[in-house]
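Q: Okay, so here is final-v3.txt, and as you'll see once you scroll down, it has compact mmCIF, C-alpha atoms (C1' of nucleotides).
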# COMPACT_ATOMS: atom_id res chain seq x y z
CA MET A 1 -18.90 31.05 26.13
CA SER A 2 -17.66 32.28 22.79
CA SER A 3 -13.93 32.59 23.15
CA LEU A 4 -11.69 34.25 20.61
CA ARG A 5 -10.57 30.81 19.50
CA GLU A 6 -14.10 29.65 18.72
CA ARG A 7 -14.90 32.83 16.86
CA ARG A 8 -11.78 32.47 14.72
CA LYS A 9 -12.71 28.88 14.03
CA ALA A 10 -16.20 29.84 12.92
CA GLU A 11 -14.81 32.62 10.75
CA THR A 12 -12.37 30.28 9.01
CA ARG A 13 -15.15 27.78 8.42
CA GLN A 14 -17.37 30.42 6.87
CA LEU A 15 -14.55 31.81 4.78
CA LEU A 16 -13.64 28.36 3.50
CA GLN A 17 -17.21 27.49 2.58
CA ARG A 18 -17.85 30.79 0.84
CA GLN A 19 -14.62 30.64 -1.14
CA ALA A 20 -15.36 27.03 -2.07
CA LEU A 21 -18.88 27.86 -3.25
CA ARG A 22 -17.56 30.79 -5.24
CA LEU A 23 -15.02 28.61 -7.02
CA PHE A 24 -17.50 25.77 -7.52
CA GLN A 25 -19.94 28.15 -9.18
CA ARG A 26 -17.23 29.77 -11.30
CA ASP A 27 -15.21 26.73 -12.43
CA GLY A 28 -17.44 23.76 -11.64
CA TYR A 29 -17.30 21.35 -8.71
CA ASP A 30 -15.08 18.68 -10.27
CA GLN A 31 -12.76 21.22 -11.83
CA THR A 32 -12.05 22.90 -8.49
CA THR A 33 -9.33 21.23 -6.44
CA MET A 34 -9.02 21.30 -2.68
CA ASN A 35 -5.65 23.01 -3.12
CA ALA A 36 -7.28 25.81 -5.09
CA ILE A 37 -9.82 26.32 -2.31
CA ALA A 38 -7.10 26.39 0.31
CA GLU A 39 -5.13 28.90 -1.70
CA ALA A 40 -8.19 31.11 -2.26
CA ALA A 41 -8.80 31.17 1.49
CA GLY A 42 -5.14 31.73 2.29
CA VAL A 43 -4.64 28.55 4.31
CA SER A 44 -3.00 25.20 3.74
CA ALA A 45 -4.80 22.20 2.30
CA MET A 46 -4.60 20.41 5.65
CA THR A 47 -6.57 23.18 7.30
CA VAL A 48 -9.40 22.69 4.82
CA TYR A 49 -9.55 19.00 5.72
CA ARG A 50 -9.51 19.86 9.42
CA HIS A 51 -12.66 21.94 9.02
CA PHE A 52 -14.37 19.85 6.33
CA PRO A 53 -13.46 16.16 6.28
CA THR A 54 -14.52 15.78 2.63
CA LYS A 55 -14.90 18.04 -0.36
CA GLU A 56 -18.63 17.36 -0.34
CA ASP A 57 -18.94 18.72 3.19
CA LEU A 58 -17.92 22.14 1.91
CA VAL A 59 -21.32 22.26 0.21
CA ILE A 60 -23.38 20.08 2.50
CA TRP A 61 -22.51 21.75 5.80
CA ASP A 62 -25.17 24.13 7.06
CA GLU A 63 -23.95 26.91 9.26
CA TYR A 64 -27.30 27.32 10.87
CA THR A 65 -28.21 23.62 11.17
CA PRO A 66 -31.93 24.33 11.25
CA VAL A 67 -33.96 21.10 11.35
CA SER A 68 -36.48 21.95 13.99
CA ILE A 69 -36.90 18.42 15.26
CA GLU A 70 -37.78 19.90 18.63
CA ALA A 71 -41.05 21.22 17.26
CA LEU A 72 -42.09 17.67 16.46
CA SER A 73 -42.22 16.32 19.99
CA HIS A 74 -44.15 19.41 21.08
CA SER A 75 -46.77 19.19 18.35
CA PRO A 76 -50.22 17.85 19.32
CA ALA A 77 -49.95 14.08 19.57
CA ASP A 78 -53.46 13.49 18.30
CA ASP A 79 -52.76 15.16 14.97
CA PRO A 80 -52.17 12.81 12.04
CA LEU A 81 -48.49 12.03 11.53
CA VAL A 82 -48.43 13.53 8.06
CA ARG A 83 -49.56 16.86 9.42
CA ARG A 84 -47.11 16.86 12.33
CA ILE A 85 -44.13 15.97 10.16
CA GLY A 86 -45.18 18.27 7.33
CA HIS A 87 -45.52 21.29 9.55
CA ALA A 88 -42.13 20.65 11.08
CA LEU A 89 -40.56 20.52 7.61
CA ILE A 90 -42.25 23.74 6.54
CA GLN A 91 -41.14 25.39 9.74
CA THR A 92 -37.56 24.35 9.01
CA ALA A 93 -37.75 26.02 5.62
CA ASN A 94 -39.05 29.15 7.30
CA ALA A 95 -35.82 29.45 9.26
CA ALA A 96 -34.00 30.85 6.21
CA THR A 97 -35.07 34.43 6.75
CA THR A 98 -32.19 36.80 6.03
CA PRO A 99 -31.29 37.40 2.35
CA ASP A 100 -27.74 36.35 3.08
CA HIS A 101 -28.80 33.01 4.52
CA ARG A 102 -31.28 32.50 1.71
CA ASP A 103 -28.71 33.16 -1.03
CA LEU A 104 -26.25 30.81 0.59
CA LEU A 105 -28.90 28.09 0.83
CA LEU A 106 -29.87 28.60 -2.80
CA ALA A 107 -26.27 28.37 -4.03
CA ARG A 108 -25.70 25.23 -2.02
CA LEU A 109 -28.94 23.60 -3.16
CA GLN A 110 -28.26 24.36 -6.81
CA LEU A 111 -24.95 22.57 -6.53
CA MET A 112 -26.63 19.70 -4.69
CA VAL A 113 -29.12 19.33 -7.53
CA GLU A 114 -26.63 19.50 -10.37
CA VAL A 115 -23.59 17.60 -9.12
CA PRO A 116 -24.27 13.86 -8.80
CA ALA A 117 -21.96 13.29 -5.85
CA LEU A 118 -23.56 16.15 -3.93
CA ARG A 119 -27.06 15.09 -4.88
CA ALA A 120 -26.34 11.66 -3.47
CA ARG A 121 -24.90 13.06 -0.26
CA HIS A 122 -27.86 15.38 0.15
CA LEU A 123 -30.31 12.51 -0.21
CA ASP A 124 -28.37 10.52 2.35
CA ASN A 125 -28.61 13.51 4.68
CA GLN A 126 -32.35 13.52 4.24
CA TYR A 127 -32.32 9.88 5.16
CA ALA A 128 -30.51 10.78 8.39
CA THR A 129 -33.14 13.45 9.04
CA GLN A 130 -35.75 10.75 8.65
CA ASP A 131 -34.05 8.78 11.42
CA ALA A 132 -34.14 11.84 13.66
CA ILE A 133 -37.83 12.36 12.97
CA VAL A 134 -38.67 8.76 13.81
CA THR A 135 -36.67 8.94 17.02
CA ALA A 136 -38.39 12.18 18.01
CA LEU A 137 -41.81 10.69 17.39
CA CYS A 138 -41.37 7.12 18.61
CA GLY A 139 -38.77 7.47 21.33
CA ASP A 140 -35.81 5.19 21.80
CA ASP A 141 -37.53 1.85 22.20
CA PRO A 142 -40.62 1.90 20.04
CA ASP A 143 -43.11 -0.74 19.02
CA PRO A 144 -41.70 -2.22 15.77
CA ASP A 145 -44.94 -1.93 13.82
CA GLN A 146 -45.48 1.64 14.89
CA GLU A 147 -41.89 2.49 14.05
CA PHE A 148 -42.24 0.93 10.59
CA GLN A 149 -45.33 2.98 9.92
CA THR A 150 -43.78 6.20 11.20
CA ARG A 151 -40.70 5.55 9.12
CA ALA A 152 -42.75 4.95 5.98
CA ILE A 153 -44.74 8.14 6.47
CA SER A 154 -41.72 10.32 7.21
CA GLY A 155 -39.94 8.80 4.23
CA ALA A 156 -42.88 9.76 2.07
CA CYS A 157 -43.03 13.29 3.51
CA LEU A 158 -39.32 13.82 2.91
CA GLY A 159 -39.61 12.41 -0.58
CA ALA A 160 -42.31 14.93 -1.38
CA THR A 161 -40.38 17.74 0.31
CA HIS A 162 -37.30 16.94 -1.70
CA ILE A 163 -38.95 17.67 -4.99
CA ALA A 164 -40.04 21.02 -3.61
CA LEU A 165 -36.40 21.79 -2.80
CA VAL A 166 -35.30 20.74 -6.29
CA HIS A 167 -38.02 22.83 -7.88
CA TRP A 168 -37.03 25.82 -5.78
CA ALA A 169 -33.38 25.49 -6.81
CA ARG A 170 -34.23 24.96 -10.47
CA THR A 171 -36.36 28.12 -10.59
CA ASP A 172 -33.59 30.19 -8.93
CA GLY A 173 -35.51 30.56 -5.69
CA LYS A 174 -38.13 32.79 -7.27
CA GLN A 175 -41.01 31.18 -5.38
CA HIS A 176 -41.64 30.97 -1.65
CA LEU A 177 -39.98 27.80 -0.39
CA PRO A 178 -42.32 27.02 2.53
CA THR A 179 -45.27 27.41 0.19
CA LEU A 180 -43.67 25.05 -2.32
CA ILE A 181 -43.20 22.41 0.36
CA HIS A 182 -46.76 22.95 1.46
CA ASP A 183 -47.98 22.45 -2.12
CA ALA A 184 -45.97 19.26 -2.57
CA LEU A 185 -47.39 17.82 0.64
CA THR A 186 -50.92 18.85 -0.27
CA ALA A 187 -50.58 17.21 -3.68
CA THR A 188 -49.46 13.99 -2.02
CA PHE A 189 -51.79 13.93 0.99
CA PRO A 190 -54.88 15.89 -0.01
CA ALA A 191 -56.90 14.38 2.83
CA ASP A 192 -54.53 14.69 5.79
CA PHE A 193 -52.85 17.93 4.86
CA THR A 194 -54.52 21.29 4.46
CA MET B 195 -27.70 -12.15 -31.36
CA SER B 196 -25.47 -13.30 -28.57
CA SER B 197 -21.98 -13.60 -29.97
CA LEU B 198 -19.13 -15.22 -28.17
CA ARG B 199 -17.67 -11.82 -27.48
CA GLU B 200 -20.81 -10.57 -25.79
CA ARG B 201 -21.11 -13.71 -23.73
CA ARG B 202 -17.52 -13.37 -22.53
CA LYS B 203 -18.19 -9.74 -21.67
CA ALA B 204 -21.25 -10.64 -19.62
CA GLU B 205 -19.34 -13.43 -17.89
CA THR B 206 -16.48 -11.13 -16.94
CA ARG B 207 -18.94 -8.59 -15.60
CA GLN B 208 -20.69 -11.18 -13.48
CA LEU B 209 -17.41 -12.62 -12.26
CA LEU B 210 -16.12 -9.19 -11.32
CA GLN B 211 -19.26 -8.25 -9.42
CA ARG B 212 -19.43 -11.54 -7.55
CA GLN B 213 -15.77 -11.43 -6.57
CA ALA B 214 -16.15 -7.81 -5.49
CA LEU B 215 -19.20 -8.57 -3.36
CA ARG B 216 -17.40 -11.53 -1.80
CA LEU B 217 -14.43 -9.39 -0.83
CA PHE B 218 -16.62 -6.51 0.35
CA GLN B 219 -18.51 -8.86 2.64
CA ARG B 220 -15.33 -10.52 3.91
CA ASP B 221 -13.04 -7.51 4.39
CA GLY B 222 -15.34 -4.49 4.24
CA TYR B 223 -15.99 -2.08 1.40
CA ASP B 224 -13.39 0.53 2.23
CA GLN B 225 -10.76 -2.06 3.07
CA THR B 226 -11.07 -3.75 -0.32
CA THR B 227 -9.03 -2.13 -3.08
CA MET B 228 -9.81 -2.22 -6.77
CA ASN B 229 -6.49 -3.99 -7.29
CA ALA B 230 -7.53 -6.76 -4.92
CA ILE B 231 -10.78 -7.23 -6.85
CA ALA B 232 -8.92 -7.35 -10.15
CA GLU B 233 -6.51 -9.90 -8.76
CA ALA B 234 -9.31 -12.05 -7.34
CA ALA B 235 -10.99 -12.10 -10.75
CA GLY B 236 -7.73 -12.74 -12.56
CA VAL B 237 -7.76 -9.59 -14.65
CA SER B 238 -5.96 -6.27 -14.60
CA ALA B 239 -7.21 -3.23 -12.73
CA MET B 240 -7.87 -1.48 -16.03
CA THR B 241 -10.36 -4.16 -17.02
CA VAL B 242 -12.32 -3.59 -13.83
CA TYR B 243 -12.66 0.09 -14.64
CA ARG B 244 -13.71 -0.76 -18.20
CA HIS B 245 -16.65 -2.78 -16.90
CA PHE B 246 -17.48 -0.66 -13.85
CA PRO B 247 -16.52 3.00 -14.09
CA THR B 248 -16.50 3.43 -10.31
CA LYS B 249 -16.04 1.16 -7.30
CA GLU B 250 -19.60 1.91 -6.27
CA ASP B 251 -20.93 0.57 -9.54
CA LEU B 252 -19.66 -2.88 -8.60
CA VAL B 253 -22.43 -2.95 -6.00
CA ILE B 254 -25.03 -0.72 -7.61
CA TRP B 255 -25.16 -2.41 -11.02
CA ASP B 256 -28.11 -4.73 -11.44
CA GLU B 257 -27.62 -7.54 -13.90
CA TYR B 258 -31.31 -7.89 -14.44
CA THR B 259 -32.18 -4.18 -14.47
CA PRO B 260 -35.79 -4.83 -13.53
CA VAL B 261 -37.71 -1.56 -13.02
CA SER B 262 -40.90 -2.35 -14.83
CA ILE B 263 -41.63 1.17 -15.90
CA GLU B 264 -43.49 -0.24 -18.86
CA ALA B 265 -46.24 -1.53 -16.62
CA LEU B 266 -46.96 2.03 -15.54
CA SER B 267 -48.09 3.40 -18.87
CA HIS B 268 -50.31 0.34 -19.35
CA SER B 269 -52.02 0.58 -15.97
CA PRO B 270 -55.56 1.98 -15.92
CA ALA B 271 -55.29 5.74 -16.25
CA ASP B 272 -58.29 6.41 -14.01
CA ASP B 273 -56.68 4.70 -11.01
CA PRO B 274 -55.24 7.05 -8.39
CA LEU B 275 -51.55 7.76 -8.99
CA VAL B 276 -50.51 6.25 -5.69
CA ARG B 277 -52.03 2.93 -6.64
CA ARG B 278 -50.54 2.90 -10.14
CA ILE B 279 -47.04 3.75 -8.93
CA GLY B 280 -47.26 1.47 -5.92
CA HIS B 281 -48.28 -1.56 -7.94
CA ALA B 282 -45.44 -0.95 -10.39
CA LEU B 283 -42.95 -0.85 -7.52
CA ILE B 284 -44.29 -4.05 -5.99
CA GLN B 285 -44.18 -5.71 -9.38
CA THR B 286 -40.54 -4.74 -9.72
CA ALA B 287 -39.75 -6.40 -6.42
CA ASN B 288 -41.53 -9.52 -7.63
CA ALA B 289 -39.02 -9.88 -10.43
CA ALA B 290 -36.44 -11.33 -8.04
CA THR B 291 -37.66 -14.89 -8.24
CA THR B 292 -34.73 -17.31 -8.38
CA PRO B 293 -32.82 -17.92 -5.12
CA ASP B 294 -29.61 -16.91 -6.84
CA HIS B 295 -30.97 -13.56 -7.92
CA ARG B 296 -32.53 -13.01 -4.52
CA ASP B 297 -29.29 -13.72 -2.63
CA LEU B 298 -27.37 -11.39 -4.90
CA LEU B 299 -29.94 -8.65 -4.39
CA LEU B 300 -29.84 -9.13 -0.63
CA ALA B 301 -26.03 -8.96 -0.49
CA ARG B 302 -26.02 -5.83 -2.59
CA LEU B 303 -28.77 -4.15 -0.58
CA GLN B 304 -27.08 -4.93 2.73
CA LEU B 305 -23.96 -3.17 1.49
CA MET B 306 -26.06 -0.29 0.21
CA VAL B 307 -27.62 0.12 3.64
CA GLU B 308 -24.42 -0.07 5.64
CA VAL B 309 -21.83 1.76 3.55
CA PRO B 310 -22.53 5.52 3.44
CA ALA B 311 -21.16 6.06 -0.05
CA LEU B 312 -23.29 3.21 -1.42
CA ARG B 313 -26.35 4.33 0.49
CA ALA B 314 -26.01 7.76 -1.07
CA ARG B 315 -25.58 6.34 -4.56
CA HIS B 316 -28.58 4.06 -4.10
CA LEU B 317 -30.76 6.97 -3.04
CA ASP B 318 -29.61 8.93 -6.06
CA ASN B 319 -30.57 5.97 -8.22
CA GLN B 320 -34.04 6.00 -6.70
CA TYR B 321 -34.20 9.65 -7.60
CA ALA B 322 -33.43 8.72 -11.21
CA THR B 323 -36.17 6.10 -11.05
CA GLN B 324 -38.51 8.83 -9.93
CA ASP B 325 -37.67 10.77 -13.07
CA ALA B 326 -38.45 7.74 -15.20
CA ILE B 327 -41.79 7.27 -13.46
CA VAL B 328 -42.78 10.87 -14.00
CA THR B 329 -41.83 10.67 -17.67
CA ALA B 330 -43.79 7.46 -18.11
CA LEU B 331 -46.87 9.01 -16.52
CA CYS B 332 -46.76 12.55 -17.82
CA GLY B 333 -45.08 12.19 -21.18
CA ASP B 334 -42.35 14.42 -22.50
CA ASP B 335 -44.07 17.79 -22.42
CA PRO B 336 -46.40 17.79 -19.43
CA ASP B 337 -48.42 20.45 -17.74
CA PRO B 338 -46.10 21.92 -15.04
CA ASP B 339 -48.64 21.67 -12.24
CA GLN B 340 -49.53 18.10 -13.10
CA GLU B 341 -45.86 17.20 -13.33
CA PHE B 342 -45.16 18.76 -9.94
CA GLN B 343 -47.96 16.75 -8.38
CA THR B 344 -46.88 13.52 -10.05
CA ARG B 345 -43.32 14.12 -8.96
CA ALA B 346 -44.36 14.73 -5.37
CA ILE B 347 -46.44 11.59 -5.24
CA SER B 348 -43.81 9.36 -6.82
CA GLY B 349 -41.21 10.84 -4.49
CA ALA B 350 -43.41 9.92 -1.57
CA CYS B 351 -44.02 6.39 -2.90
CA LEU B 352 -40.31 5.82 -3.40
CA GLY B 353 -39.56 7.23 0.04
CA ALA B 354 -41.94 4.74 1.59
CA THR B 355 -40.62 1.91 -0.59
CA HIS B 356 -37.08 2.66 0.43
CA ILE B 357 -37.71 1.96 4.07
CA ALA B 358 -39.20 -1.39 3.08
CA LEU B 359 -35.97 -2.22 1.25
CA VAL B 360 -33.90 -1.17 4.26
CA HIS B 361 -36.07 -3.23 6.59
CA TRP B 362 -35.78 -6.25 4.30
CA ALA B 363 -31.99 -5.97 4.22
CA ARG B 364 -31.72 -5.42 7.98
CA THR B 365 -33.78 -8.56 8.71
CA ASP B 366 -31.64 -10.64 6.32
CA GLY B 367 -34.43 -11.00 3.78
CA LYS B 368 -36.51 -13.20 6.05
CA GLN B 369 -39.78 -11.54 5.07
CA HIS B 370 -41.45 -11.31 1.69
CA LEU B 371 -40.18 -8.17 -0.02
CA PRO B 372 -43.24 -7.35 -2.13
CA THR B 373 -45.40 -7.71 0.98
CA LEU B 374 -43.10 -5.35 2.90
CA ILE B 375 -43.38 -2.73 0.19
CA HIS B 376 -47.13 -3.20 0.16
CA ASP B 377 -47.23 -2.70 3.95
CA ALA B 378 -45.15 0.46 3.78
CA LEU B 379 -47.42 1.92 1.12
CA THR B 380 -50.55 0.93 3.03
CA ALA B 381 -49.21 2.57 6.18
CA THR B 382 -48.57 5.78 4.26
CA PHE B 383 -51.67 5.88 2.06
CA PRO B 384 -54.38 3.95 3.92
CA ALA B 385 -57.11 5.50 1.77
CA ASP B 386 -55.70 5.18 -1.74
CA PHE B 387 -53.88 1.92 -1.33
CA THR B 388 -55.38 -1.42 -0.48
C1' DC C 389 -7.06 -15.61 -44.98
C1' DC C 390 -7.12 -10.65 -43.83
C1' DT C 391 -8.74 -6.76 -41.79
C1' DC C 392 -10.89 -4.06 -38.40
C1' DA C 393 -12.76 -3.19 -34.16
C1' DA C 394 -13.46 -4.52 -29.51
C1' DG C 395 -11.34 -6.00 -25.37
C1' DT C 396 -7.25 -6.13 -22.53
C1' DG C 397 -2.80 -4.81 -20.25
C1' DG C 398 0.96 -1.52 -18.85
C1' DT C 399 2.56 3.00 -17.45
C1' DA C 400 2.42 7.41 -15.74
C1' DG C 401 -0.16 10.79 -14.04
C1' DT C 402 -3.91 13.66 -11.11
C1' DT C 403 -6.49 14.27 -6.98
C1' DA C 404 -8.98 13.35 -2.72
C1' DC C 405 -7.74 12.03 1.58
C1' DT C 406 -4.68 10.21 5.81
C1' DA C 407 -0.89 9.76 9.17
C1' DA C 408 2.77 11.57 11.73
C1' DC C 409 5.54 15.23 13.40
C1' DA C 410 6.93 20.04 14.35
C1' DC C 411 5.61 24.79 15.18
C1' DT C 412 2.66 28.68 16.71
C1' DT C 413 -0.98 30.79 19.19
C1' DT C 414 -4.42 30.96 22.73
C1' DG C 415 -6.53 30.45 27.35
C1' DA C 416 -6.11 29.37 32.04
C1' DT C 417 -3.56 28.62 36.08
C1' DA C 418 0.45 29.11 39.53
C1' DT D 419 3.11 38.03 35.08
C1' DA D 420 5.21 33.72 33.83
C1' DT D 421 4.10 29.22 32.35
C1' DC D 422 2.09 25.27 30.55
C1' DA D 423 -1.38 22.47 28.18
C1' DA D 424 -4.27 22.35 24.41
C1' DA D 425 -5.99 23.75 20.05
C1' DG D 426 -4.89 25.14 15.41
C1' DT D 427 -1.85 25.21 11.54
C1' DG D 428 1.77 23.71 8.26
C1' DT D 429 4.87 20.24 5.98
C1' DT D 430 5.88 15.99 4.22
C1' DA D 431 5.16 11.45 2.66
C1' DG D 432 1.99 8.17 1.61
C1' DT D 433 -2.44 5.42 -0.18
C1' DA D 434 -6.01 4.53 -3.42
C1' DA D 435 -9.51 5.80 -6.79
C1' DC D 436 -9.61 7.09 -11.24
C1' DT D 437 -7.85 8.89 -16.16
C1' DA D 438 -5.18 9.31 -20.51
C1' DC D 439 -2.42 7.19 -23.65
C1' DC D 440 -0.31 3.61 -26.17
C1' DA D 441 0.59 -1.20 -27.49
C1' DC D 442 -1.09 -5.91 -27.92
C1' DT D 443 -4.28 -9.74 -28.63
C1' DT D 444 -8.44 -11.89 -30.23
C1' DG D 445 -12.98 -12.49 -32.17
C1' DA D 446 -16.32 -11.07 -36.31
C1' DG D 447 -17.09 -10.56 -41.13
C1' DG D 448 -15.83 -10.13 -45.97
Please, can you express the file's structure as structure tokens?

A:
Amino acid sequence: MSSLRERRKAETRQLLQRQALRLFQRDGYDQTTMNAIAEAAGVSAMTVYRHFPTKEDLVIWDEYTPVSIEALSHSPADDPLVRRIGHALIQTANAATTPDHRDLLLARLQLMVEVPALRARHLDNQYATQDAIVTALCGDDPDPDQEFQTRAISGACLGATHIALVHWARTDGKQHLPTLIHDALTATFPADFT
Amino acid sequence: MSSLRERRKAETRQLLQRQALRLFQRDGYDQTTMNAIAEAAGVSAMTVYRHFPTKEDLVIWDEYTPVSIEALSHSPADDPLVRRIGHALIQTANAATTPDHRDLLLARLQLMVEVPALRARHLDNQYATQDAIVTALCGDDPDPDQEFQTRAISGACLGATHIALVHWARTDGKQHLPTLIHDALTATFPADFT
DNA sequence: CCTCAAGTGGTAGTTACTAACACTTTGATA
DNA sequence: TATCAAAGTGTTAGTAACTACCACTTGAGG
């Protein structure tokens, strides 16, 4: 059920994020105040905070919330963990299909790479993703040793993936993102990953 | 040359960090104001900011600044990268020898695991460490492909190391930290790492 | 002893963010 | 259709992290 109210809400959210990104790119992240963003979107400052609890969230929030964790639990259980996790990560990157979505992702990532506060938040988000991966693979009440191992491997996969994201942002998205992630994983796990 | 002035400076820094950590542990990070820390240390708020530019730095700053990057460039160049980087990371953890240093490290890490803002900053610091590793291994003007590979591998090693740190903090430092890091790396790279 | 620079304190500001209250609009029900 | 509860928005006043600026004290070196 997509009521008028929910559609308006989604529209305001989108408008706010796009105006914020525009101003961040034009004037810099630190130089842009929340009041300026509110004004640019034609709403009050409070409304911005209602939609995005912090300034960082204006960049971090992903409209499409991809993260295909689902794919993980359905992947063949006898595959090596590195391969299962890696393919899920590549698949997530493949979700950004439309040019519009891709451009938005690129603008956000470039900010996340350049601005220290955003970079930190982004890394913490990846850490949360790692938790989700471990839960998807190990269930709610796993064997501690197995969980430790799964956590280490997913941490390593995300660490490798991250540098692919940074490289993609730094080169203005010229290369194919899923391929970049694939290359980073192959460089790290030449045996397990093909 | 350790003049009186420099010694006083170092003492004030230590005092400030220890008082801050004490208050953070007692009252919580967000609940503790910079003014309260200044008061507890018997200085003005301005002085706190002179020594630690942000509140986060009170926890992040490491008196001993270990990070034995030096060891990297002196490790045998024909060893696999995973082994070279891994051993350097373990060696860094081994630097925390005295009980005092260890307790301080544990208190700081526990805050870094629990408090989102600190967790994010810590991850960003690890990212900076990754840069230092890549520079130490590849030099200043490396071959792009080789740099990409090195970056991916060190990202993966740090990702695996991070979960060892988190596990150590969560279990109140009961286990041997270098061993934990070793285990995480072994779980991730069973072939390259022994 | 004198001078200079480093360290410290005070004040006034900016800005992200919160709490509390009033007002408007929307969606569903009598 | 009239009405009412809930969701969304605005306003105001406040807190706390951080900065810029200026004045003061104290240690280092000639």

Q: Select residues of chain A: the criterion is any atom within 10 Å of an atom of chain C, counting all atoms listed in the file; output as number ranges by chain.

A: A: 3-5, 33-35, 46, 49, 53-55

Q: I want to know what sits within 10 Å of Glu114 of chain A, based on all atoms listed in the file, with residues of the same chain fewer than 5 positions away left out; could you give that as a PyMOL selection string?

A: chain A and resi 29+109+119+166+169-170

Q: Please identify every residue of chain D that has at least one atom no more than 9 Å from any atom of chain B, counting all atoms listed in the file, and report them as a list of chain:residue names.

A: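 Taking all atoms listed in the file into account, D:DA434, D:DA435, D:DC436, D:DG445, D:DA446 sit within 9 Å of chain B.
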
Q: Please identify every residue of chain B that has at least one atom no more than 8 Å from any atom of chain A, counting all atoms listed in the file, and report them as number ranges by chain.

A: B: 310-311, 313-318, 342-343, 345-358, 378-379, 381-382

Q: Give the padded box for segment 274-282 of chain B as lines of an AutoDock Vina configuration file: axis-aligned, covering all atoms listed in the file, 8 Å on each side, centre and edge lengths in Å to one decimal.

A:
center_x = -50.3
center_y = 3.1
center_z = -8.0
size_x = 25.8
size_y = 25.3
size_z = 20.7

Q: Go through B:Ala330, B:Ala204, B:Ala287, B:Ala234 and flag the residue nearest Leu299 of chain B, using all atoms listed in the file for the distances.

A: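 Checking each of B:Ala330, B:Ala204, B:Ala287, B:Ala234 against Leu299 of chain B, counting all atoms listed in the file, the winner is B:Ala287.
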
Q: Suppose you want the space between atom CA of Arg277 of chain B and atom CA of Pro190 of chain A; what is it in Å?

A: 14.8 Å

Q: Between atom CA of Val59 of chain A and atom CA of Leu21 of chain A, what is the distance in Å, rounded to a tenth?

A: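 Atom-to-atom, atom CA of Val59 of chain A and atom CA of Leu21 of chain A are spaced 7.0 Å apart.
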
Q: As an exercise, work out the distance from atom CA of Thr12 of chain A to atom CA of Asp103 of chain A in Å and give it to one decimal place.

A: 19.4 Å

Q: Please write as a PyMOL selection string the list of polymer residues whose atoms come within 12 Å of (-41.2, -6.7, -7.2), counting all atoms listed in the file and keeping to the coordinates of the file.

A: chain B and resi 259-263+265+280-291+296+299+355+358-359+370-376

Q: Write a file of the just-selected residues containing C-alpha atoms, as an mmCIF file, in the coordinates of the input.

A:
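What landed in out.cif:
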data_model
loop_
_atom_site.group_PDB
_atom_site.id
_atom_site.type_symbol
_atom_site.label_atom_id
_atom_site.label_comp_id
_atom_site.auth_asym_id
_atom_site.auth_seq_id
_atom_site.Cartn_x
_atom_site.Cartn_y
_atom_site.Cartn_z
ATOM 1 C CA THR B 259 -32.180 -4.180 -14.470
ATOM 2 C CA PRO B 260 -35.790 -4.830 -13.530
ATOM 3 C CA VAL B 261 -37.710 -1.560 -13.020
ATOM 4 C CA SER B 262 -40.900 -2.350 -14.830
ATOM 5 C CA ILE B 263 -41.630 1.170 -15.900
ATOM 6 C CA ALA B 265 -46.240 -1.530 -16.620
ATOM 7 C CA GLY B 280 -47.260 1.470 -5.920
ATOM 8 C CA HIS B 281 -48.280 -1.560 -7.940
ATOM 9 C CA ALA B 282 -45.440 -0.950 -10.390
ATOM 10 C CA LEU B 283 -42.950 -0.850 -7.520
ATOM 11 C CA ILE B 284 -44.290 -4.050 -5.990
ATOM 12 C CA GLN B 285 -44.180 -5.710 -9.380
ATOM 13 C CA THR B 286 -40.540 -4.740 -9.720
ATOM 14 C CA ALA B 287 -39.750 -6.400 -6.420
ATOM 15 C CA ASN B 288 -41.530 -9.520 -7.630
ATOM 16 C CA ALA B 289 -39.020 -9.880 -10.430
ATOM 17 C CA ALA B 290 -36.440 -11.330 -8.040
ATOM 18 C CA THR B 291 -37.660 -14.890 -8.240
ATOM 19 C CA ARG B 296 -32.530 -13.010 -4.520
ATOM 20 C CA LEU B 299 -29.940 -8.650 -4.390
ATOM 21 C CA THR B 355 -40.620 1.910 -0.590
ATOM 22 C CA ALA B 358 -39.200 -1.390 3.080
ATOM 23 C CA LEU B 359 -35.970 -2.220 1.250
ATOM 24 C CA HIS B 370 -41.450 -11.310 1.690
ATOM 25 C CA LEU B 371 -40.180 -8.170 -0.020
ATOM 26 C CA PRO B 372 -43.240 -7.350 -2.130
ATOM 27 C CA THR B 373 -45.400 -7.710 0.980
ATOM 28 C CA LEU B 374 -43.100 -5.350 2.900
ATOM 29 C CA ILE B 375 -43.380 -2.730 0.190
ATOM 30 C CA HIS B 376 -47.130 -3.200 0.160
#
